[in-house]
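Below: the structure, in structure tokens.
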Amino acid sequence: MEYSIRELSELAGVSARTLRYYDGIGLLKPLYVNEAGYRYYGENEVALLQQILFYRERGFDLKRIRQIMYQDDFDIMSALEEHLLELEERREHMDALIRTVRQTILQVKGEGRMSDAERFEAFKERIVRENEEKYGEEIREKYGDDEIDEAHRKILNMSEADYERFQSLGEEIKKRLQEGVTAGIRPDGEEAKRIVILHKEWLGRTWKQYTKEAHKGIATMYIADERFKLYYDQEVSGCAKLLEKAIRYWVDKI
């Protein structure tokens, strides 16, 4: 079945202006354009538009979506399975948050008791679950079960202050990398050094024992494995590469 741009706009809930923009940036080309200049879309374009909207829902920017969808090995079925896994993880996390809110309400009302650790359990469990599901096989093979299990225990046993510091470190590292890539900073510069120092502290809050060799090893994984790379490159491409180069330059100097 074919759709005019107006029909596809109404079907997908996306404005015709947006569809024209997607065409202009090479993200979603129409099946053909007729002599009058009207765009028409077929089944393949409809499927690709759905993928774009799934990725947008997950927070990917348009540049990153285009890079993913137009790789030679892009497969819609694999992408759908990835979307499903991500959405199921979100649902599990939301269920845990709902339980936490309900328990907190009962405590405020004086109808229940909740430890300080339980207040943050849902947030910490999500970190552990996501790390295990996304990277578990690779990091366990590289660092061993004992190291990874200990890292997970450290996360789950974090105090409120430790957890907040861990989270703020992760966000600050991402923010500085994004600003650094945008500004074109050098990996051997002082700002890159500061990023590596922060990254070292961030790793140390979960690792059983920090070593420079392990720091370099995980830097390699940031650029060698697409999933690790995406953690830093999801919003601004080039962040993982900058971090890897900065770590290699500075890790033996700090």
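Every chain in the structure tokens takes a letter, A first, then B, and so on in the order presented; its residues are numbered from 1, and the ligands are numbered from 1 following the presented order.
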
Which neighbours of region 234-247 of chain A fall inside 10 Å, counting only C-alpha atoms, when residues of the same chain fewer than 4 positions from it are skipped, and could you give them as a PDB file with C-alpha atoms, in the first residue's frame?
ATOM      1  CA  GLY A  59      16.023   9.466  23.268  1.00  0.00           C
ATOM      2  CA  PHE A  60      18.255   9.036  20.203  1.00  0.00           C
ATOM      3  CA  ASP A  61      19.004  12.142  18.123  1.00  0.00           C
ATOM      4  CA  LEU A  62      18.323  12.148  14.385  1.00  0.00           C
ATOM      5  CA  LYS A  63      21.995  11.982  13.412  1.00  0.00           C
ATOM      6  CA  ARG A  64      22.505   8.876  15.512  1.00  0.00           C
ATOM      7  CA  ILE A  65      19.305   7.268  14.188  1.00  0.00           C
ATOM      8  CA  ILE A 173      31.565  13.189  32.707  1.00  0.00           C
ATOM      9  CA  LYS A 174      29.023  12.984  29.888  1.00  0.00           C
ATOM     10  CA  LYS A 175      28.387  16.724  29.978  1.00  0.00           C
ATOM     11  CA  ARG A 176      32.090  17.604  29.908  1.00  0.00           C
ATOM     12  CA  LEU A 177      32.719  15.169  27.051  1.00  0.00           C
ATOM     13  CA  GLN A 178      29.854  16.624  25.013  1.00  0.00           C
ATOM     14  CA  GLU A 179      31.103  20.153  25.608  1.00  0.00           C
ATOM     15  CA  GLY A 180      34.648  19.036  24.864  1.00  0.00           C
ATOM     16  CA  VAL A 181      33.748  17.446  21.539  1.00  0.00           C
ATOM     17  CA  THR A 182      31.718  20.495  20.559  1.00  0.00           C
ATOM     18  CA  GLY A 184      37.195  20.578  19.840  1.00  0.00           C
ATOM     19  CA  ILE A 185      39.370  20.084  22.927  1.00  0.00           C
ATOM     20  CA  ARG A 186      42.550  18.010  22.706  1.00  0.00           C
ATOM     21  CA  PRO A 187      42.784  14.696  24.606  1.00  0.00           C
ATOM     22  CA  ASP A 188      46.114  15.834  26.053  1.00  0.00           C
ATOM     23  CA  GLY A 189      44.677  19.109  27.374  1.00  0.00           C
ATOM     24  CA  GLU A 190      43.812  20.105  30.934  1.00  0.00           C
ATOM     25  CA  GLU A 191      40.054  19.712  30.464  1.00  0.00           C
ATOM     26  CA  ALA A 192      40.565  16.170  29.171  1.00  0.00           C
ATOM     27  CA  LYS A 193      42.760  15.504  32.215  1.00  0.00           C
ATOM     28  CA  ARG A 194      39.941  16.642  34.488  1.00  0.00           C
ATOM     29  CA  ILE A 195      37.533  14.299  32.708  1.00  0.00           C
ATOM     30  CA  VAL A 196      39.890  11.343  33.223  1.00  0.00           C
ATOM     31  CA  ILE A 197      40.231  12.179  36.933  1.00  0.00           C
ATOM     32  CA  HIS A 199      36.172   8.999  35.306  1.00  0.00           C
ATOM     33  CA  LYS A 200      38.732   7.355  37.577  1.00  0.00           C
ATOM     34  CA  LYS A 212      45.517   1.736  35.484  1.00  0.00           C
ATOM     35  CA  HIS A 215      41.164   1.662  33.156  1.00  0.00           C
ATOM     36  CA  LYS A 216      42.933   1.440  29.798  1.00  0.00           C
ATOM     37  CA  GLY A 217      41.150  -1.824  29.066  1.00  0.00           C
ATOM     38  CA  ILE A 218      37.698  -0.384  29.545  1.00  0.00           C
ATOM     39  CA  ALA A 219      38.704   2.627  27.434  1.00  0.00           C
ATOM     40  CA  THR A 220      39.349   0.218  24.570  1.00  0.00           C
ATOM     41  CA  MET A 221      35.890  -1.280  25.023  1.00  0.00           C
ATOM     42  CA  TYR A 222      34.346   2.207  24.729  1.00  0.00           C
ATOM     43  CA  ILE A 223      35.388   2.384  21.087  1.00  0.00           C
ATOM     44  CA  ALA A 224      35.558  -1.315  20.149  1.00  0.00           C
ATOM     45  CA  ARG A 227      27.046  -0.724  22.999  1.00  0.00           C
ATOM     46  CA  PHE A 228      29.780   0.795  25.166  1.00  0.00           C
ATOM     47  CA  LYS A 229      30.361   3.480  22.561  1.00  0.00           C
ATOM     48  CA  LEU A 230      26.678   4.387  22.465  1.00  0.00           C
ATOM     49  CA  VAL A 251      45.998   7.557  33.090  1.00  0.00           C
ATOM     50  CA  ASP A 252      49.707   7.064  33.818  1.00  0.00           C
ATOM     51  CA  LYS A 253      50.158  10.742  34.727  1.00  0.00           C
TER      52      LYS A 253
END

Just the helix (DSSP H, G or I) stuff from region 139-218 of chain A, please, per backbone DSSP, written as a ChimeraX atom specification. /A:139-143,145-156,160-183,190-204,212-218

From a DSSP calculation on the backbone, collect every residue of region 22-71 of chain A in strand (DSSP E or B) and output the set as an mmCIF file with C-alpha atoms, in the first residue's frame.
data_model
loop_
_atom_site.group_PDB
_atom_site.id
_atom_site.type_symbol
_atom_site.label_atom_id
_atom_site.label_comp_id
_atom_site.auth_asym_id
_atom_site.auth_seq_id
_atom_site.Cartn_x
_atom_site.Cartn_y
_atom_site.Cartn_z
ATOM 1 C CA TYR A 32 8.972 8.225 -5.243
ATOM 2 C CA VAL A 33 7.995 11.793 -6.059
ATOM 3 C CA ARG A 39 5.917 12.494 -2.124
ATOM 4 C CA TYR A 40 4.593 8.932 -1.827
ATOM 5 C CA TYR A 41 5.647 6.282 0.678
#

What gap, in Å, lies between CA of Ile5 (chain A) and CA of Phe54 (chain A)? 19.7 Å

Contacts of Met69 (chain A) within 12 Å, only C-alpha atoms, excl. fewer than 3 positions in-chain, as a PyMOL selection string: chain A and resi 26-28+45+47-52+54-55+60+62-66+72-76+78-79

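What separates CA of Tyr231 (chain A) from CA of Phe166 (chain A) is a distance of 15.9 Å.
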
Would you compute the distance between CA of Leu169 (chain A) and CA of Glu201 (chain A)? Give it in Å to one decimal.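 Atom-to-atom, CA of Leu169 (chain A) and CA of Glu201 (chain A) are spaced 8.0 Å apart.
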